[in-house]
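To start, the structure itself, in structure tokens.
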Amino acid sequence: MITRVRFAPSPTGYLHIGSARTALFNYLYARHVGGKFLLRIEDTDIARSTDESTQSILQGLAWLGFAPDEEIVYQSNNAPKHRAAALKLLEEGKAYRDFTPKADPGDRNIKEAIVERARANQGVKSMRDNEYRELSKEMSDARAAAGEPFAVRLKVPHDGKTSFEDAVYGPLERDYNEIEDLVLLRSDSHPLYNLAVVCDDIEMGITDVIRGQDHLTNTHKQILIYEALGVKPPRFAHLPLILAPGGKKLSKRIHGEIVSMTTYRDAGFLAAAFRNFLALLGWSAGEEQEIYSLDELVEKFSLERIHQSNATFNFDSNNPRRWTDDKAIWMNAEYIRTMPLGELLPFVKSELRSAKLWRDEYDDEDREWFETTVDLIRARFFTLKDFSSQGRAYFSEDFDFDPAAVEKNLKKFPDLKTWLPELAERFESLDDFTHDPLYAMVSAFAEEKGAKLGVIMNGARALLSGVAVGPSMISVFEVLGKGRSIMRLKSQVAWNS
RNA sequence: GGCGCAUUCGUCUAGUGGUUAGGACGCGAGAUUCUCAUUCUCGAAACAGGGGUUCAAUUCCCCUAUGCGCUACCA
């Protein structure tokens with residue numbers, strides 16, 4: 001039988017980093033075993049689901065490169081089927097109508113209310129303690145026919161336990177008396193999560209459910225539904241969670257944009273780098289390699305090597321340099337400086353485009369220049385954004401001078417104000433504007449002035465690139481070319497700033 | 001409150017009944033260099049605590065602590 005897995009986010013926000021990893025693991029597993037990767041949008045919570053979230057999630061998945069193998073399933077479209085399943089169980093006596101009026105949660109915190117109620121029921125009320133559980137079929141039908149509202153609850157057996165073998169956590173069981181007679185259908189006949197998930201997974205022919213560990217206890221309830229429906233449950237694999245520093249839950253409200261996938265896309269991350277980073281959060285191949293292509297991940301992935309303990313996504317919102325996990329940033333930089341240049345170019349192009357720095361010549365007669373330049377500057381960049389910010393001076397005459405660089409590399413050596421334009425004059429006579437002659441000329445010039453070579457080079461760097469850091473200065477001269485180098489060396493703009 | 005899951009350097013992790021407990025990020029030092037980055041070398045840094053079992057436990061068992069999850073007519 002062909003393996004079919006699904007990623008099933010609920011559209012109540014953007015694509016969360018934890019969800020993204022769940023999608024990744026589902027995708028890797030499907031590809032590894034040659035199965036299908038499906039997508040289902042769980043939009044049954046009408047109050048919280050938004051189309052905007054759905055779009056954001058779809059965008060995030062598209063960015064990561066996980067296209068579903070079949071049409072997207074919208075859970076809300078299946079509500080009639082869910083309802084029919086619940087009614088069937090009702091008919092078979094595996095579920096019952098609960099005429100208890102819906103409790104009003106009021107304005108209390110929902111979590112607190114749950115704990116409070118659980119504590120009150122402690123030892124005084126069993127999970128099967130519902131006056132309508134054993135109501136005769138005739139009585140139940142009659143009250144329903146009279147129009148009295150009711151919820152449909154699953155009739156969980158008194159004795160026994162559910163058990164399943166989780167691919168990550170091993171054998172798990174739970175006693176029936178720990179599980180309430182869960183509601184399948186609300187009194188407004190709206191199907192609830194556990195029912196909807198089971199019905200849809202059956203309908204979609206899902207063979208392996210790979211999802212967050214927060215569903216570990218739900219699984220027992222879902223197995224009960226599978227059993228009532230007379231369907232063999234799929235295989236389950238629960239993933240450890242991704243937490244915020246301090247082991248707290250990672251949430252949009254508290255941690256903001258850092259948990260959203262689109263943040264990384266917009267910050268200039270490469271999807272390949274981020275996938276690589278995500279893959280190593282909660283899974284490892286058991287070797288010392290850190291950089292994996294998607295193909296390698298697919299080849300090496302296995303559910304058995306997924307961890308059982310939660311991982312912390314490390315960052316410091318008070319430190320701009322640590323705005324997100326160090327390792328994610330490092331990995332992105334590693335990809336930028338080591339990936340085949342040809343693969344990087346399209347990303348740089350689109351970054352320059354959006355910064356209005358792109359020129360069509362880069363694709364044409366200046367192609368070679370563009371490649372050389374990108375290759376030269378990429379070694380010290382962390383994100384694609386750096387190409388348009390730190391790298392701006394290579395692509396435009398309109399760039400700013402970093403005051404610190406001007407101070408440290410120029411103003412500290414006033415002689416440079418006349419020397420550098422003088423050097424520019426010498427450049428005029430240099431026909432072969434390449435490394436060796438350039439180096440010879442600049443070092444001769446430095447010697448003649450009795451200056452350290454570094455002083456000349458650093459001054460030129462500040463003038464030509466606006467910043468104090470960058471590639472070897474001779475390479476910068478070469479890449480910028482004779483005309484632009486001379487022009488910038490003569491410019492007094494930086495000196496007057 | 002109940003039930004469940006988890007716990008190796010700051011973080012991501014490898015690993016084993018007997019190991020100098022390995023790697024990566026980050027951090028520190030050094031080398032290289034016209035700056036910075038890269039690269040290279042070196043360094044500091046961990047088995048949550050307490051009981052067992054055993055000749056021997058980081059590894060197996062129990063307890064405690066801590067964290068997380070579920071406990072909804074949310075998903």
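Labels used: A, B, ... for chains in the order of the structure tokens, numbers from 1 for residues in each chain, and numbers from 1 for ligands as shown.
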Residues of chain B within 9 Å of chain A, using only C-alpha atoms (C1' of nucleotides), as a VMD selection string? chain B and resid 1 to 7 11 to 14 22 to 26 33 to 38 67 to 75
Give me a file of those residues, with C-alpha atoms (C1' of nucleotides), as a PDB file, in the first residue's frame.
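The result, stored in selection.pdb:
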```
ATOM      1  C1'   G B   1      -5.929  18.664  40.785  1.00  0.00           C
ATOM      2  C1'   G B   2      -5.569  14.178  37.435  1.00  0.00           C
ATOM      3  C1'   C B   3      -3.212  11.734  33.397  1.00  0.00           C
ATOM      4  C1'   G B   4       0.709  11.637  29.882  1.00  0.00           C
ATOM      5  C1'   C B   5       5.603  12.880  27.637  1.00  0.00           C
ATOM      6  C1'   A B   6      10.463  14.566  28.368  1.00  0.00           C
ATOM      7  C1'   U B   7      15.508  15.882  30.890  1.00  0.00           C
ATOM      8  C1'   U B  11      21.755  26.305  22.241  1.00  0.00           C
ATOM      9  C1'   C B  12      21.181  22.138  18.405  1.00  0.00           C
ATOM     10  C1'   U B  13      22.847  17.249  19.144  1.00  0.00           C
ATOM     11  C1'   A B  14      26.154  12.133  18.911  1.00  0.00           C
ATOM     12  C1'   G B  22      32.246  13.243  20.251  1.00  0.00           C
ATOM     13  C1'   G B  23      30.488  17.120  16.670  1.00  0.00           C
ATOM     14  C1'   A B  24      28.040  21.919  15.316  1.00  0.00           C
ATOM     15  C1'   C B  25      26.541  27.061  16.555  1.00  0.00           C
ATOM     16  C1'   G B  26      27.924  30.753  19.836  1.00  0.00           C
ATOM     17  C1'   U B  33      45.640  39.341   6.116  1.00  0.00           C
ATOM     18  C1'   C B  34      45.387  46.057   3.505  1.00  0.00           C
ATOM     19  C1'   U B  35      40.171  45.922   6.963  1.00  0.00           C
ATOM     20  C1'   C B  36      36.388  42.588   8.001  1.00  0.00           C
ATOM     21  C1'   A B  37      34.829  37.895   6.925  1.00  0.00           C
ATOM     22  C1'   U B  38      36.520  33.272   5.352  1.00  0.00           C
ATOM     23  C1'   G B  67       9.555  21.838  31.695  1.00  0.00           C
ATOM     24  C1'   C B  68       5.879  20.780  28.183  1.00  0.00           C
ATOM     25  C1'   G B  69       1.162  18.650  26.665  1.00  0.00           C
ATOM     26  C1'   C B  70      -3.906  16.995  27.331  1.00  0.00           C
ATOM     27  C1'   U B  71      -7.820  17.398  30.713  1.00  0.00           C
ATOM     28  C1'   A B  72     -13.483  22.574  25.923  1.00  0.00           C
ATOM     29  C1'   C B  73     -20.113  21.770  22.700  1.00  0.00           C
ATOM     30  C1'   C B  74     -11.032  25.152  20.690  1.00  0.00           C
ATOM     31  C1'   A B  75      -7.811  23.114  17.098  1.00  0.00           C
TER      32        A B  75
END
```
Can you check which residues of segment 163-264 of chain A DSSP gives as strand (DSSP E) on the backbone and send them as a ChimeraX atom specification? /A:163-166,170-175,183-185,208-212,235-239,242-244,248-249
Expressed in Å, the length from atom CA of Ala67 of chain A to atom CA of Leu38 of chain A is 8.4 Å
May I have the residues within 12 Å of G50 of chain B as a ChimeraX atom specification, using only C-alpha atoms (C1' of nucleotides) and disregarding those fewer than 6 positions away in the same chain? /B:62-65
Convert the current residue selection to file output with C-alpha atoms (C1' of nucleotides), as a PDB file, in the first residue's frame.
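Output contents, as saved in out.pdb:
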```pdb
ATOM      1  C1'   C B  62      12.097   3.870  41.193  1.00  0.00           C
ATOM      2  C1'   C B  63      11.274   8.605  43.505  1.00  0.00           C
ATOM      3  C1'   U B  64      11.771  13.942  43.498  1.00  0.00           C
ATOM      4  C1'   A B  65      12.370  18.408  40.876  1.00  0.00           C
TER       5        A B  65
END
```
- Task: DSSP on the backbone, then: every residue of segment 144-351 of chain A marked helix (DSSP H, G or I), written as number ranges by chain.
- Result: A: 144-145, 176-178, 193-203, 213-229, 252-259, 261-266, 271-279, 294-300, 303-305, 320-322, 326-338, 341-351
Pairwise distance, atom CA of Ala272 of chain A with atom CA of Gly65 of chain A, equals 8.8 Å
Set the distance at 9 Å and use only C-alpha atoms (C1' of nucleotides): which residues neighbour Leu423 of chain A once local chain neighbours fewer than 2 positions away are removed? I'd like the list as a list in words. Thr418, Trp419, Leu420, Pro421, Glu425, Arg426, Phe427, Glu428, Met441, Val442, Phe445, Ile486, Leu489 and Lys490 of chain A
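Taking atom CA of Glu478 of chain A as the reference point, atom CA of Leu438 of chain A is found at 8.4 Å.
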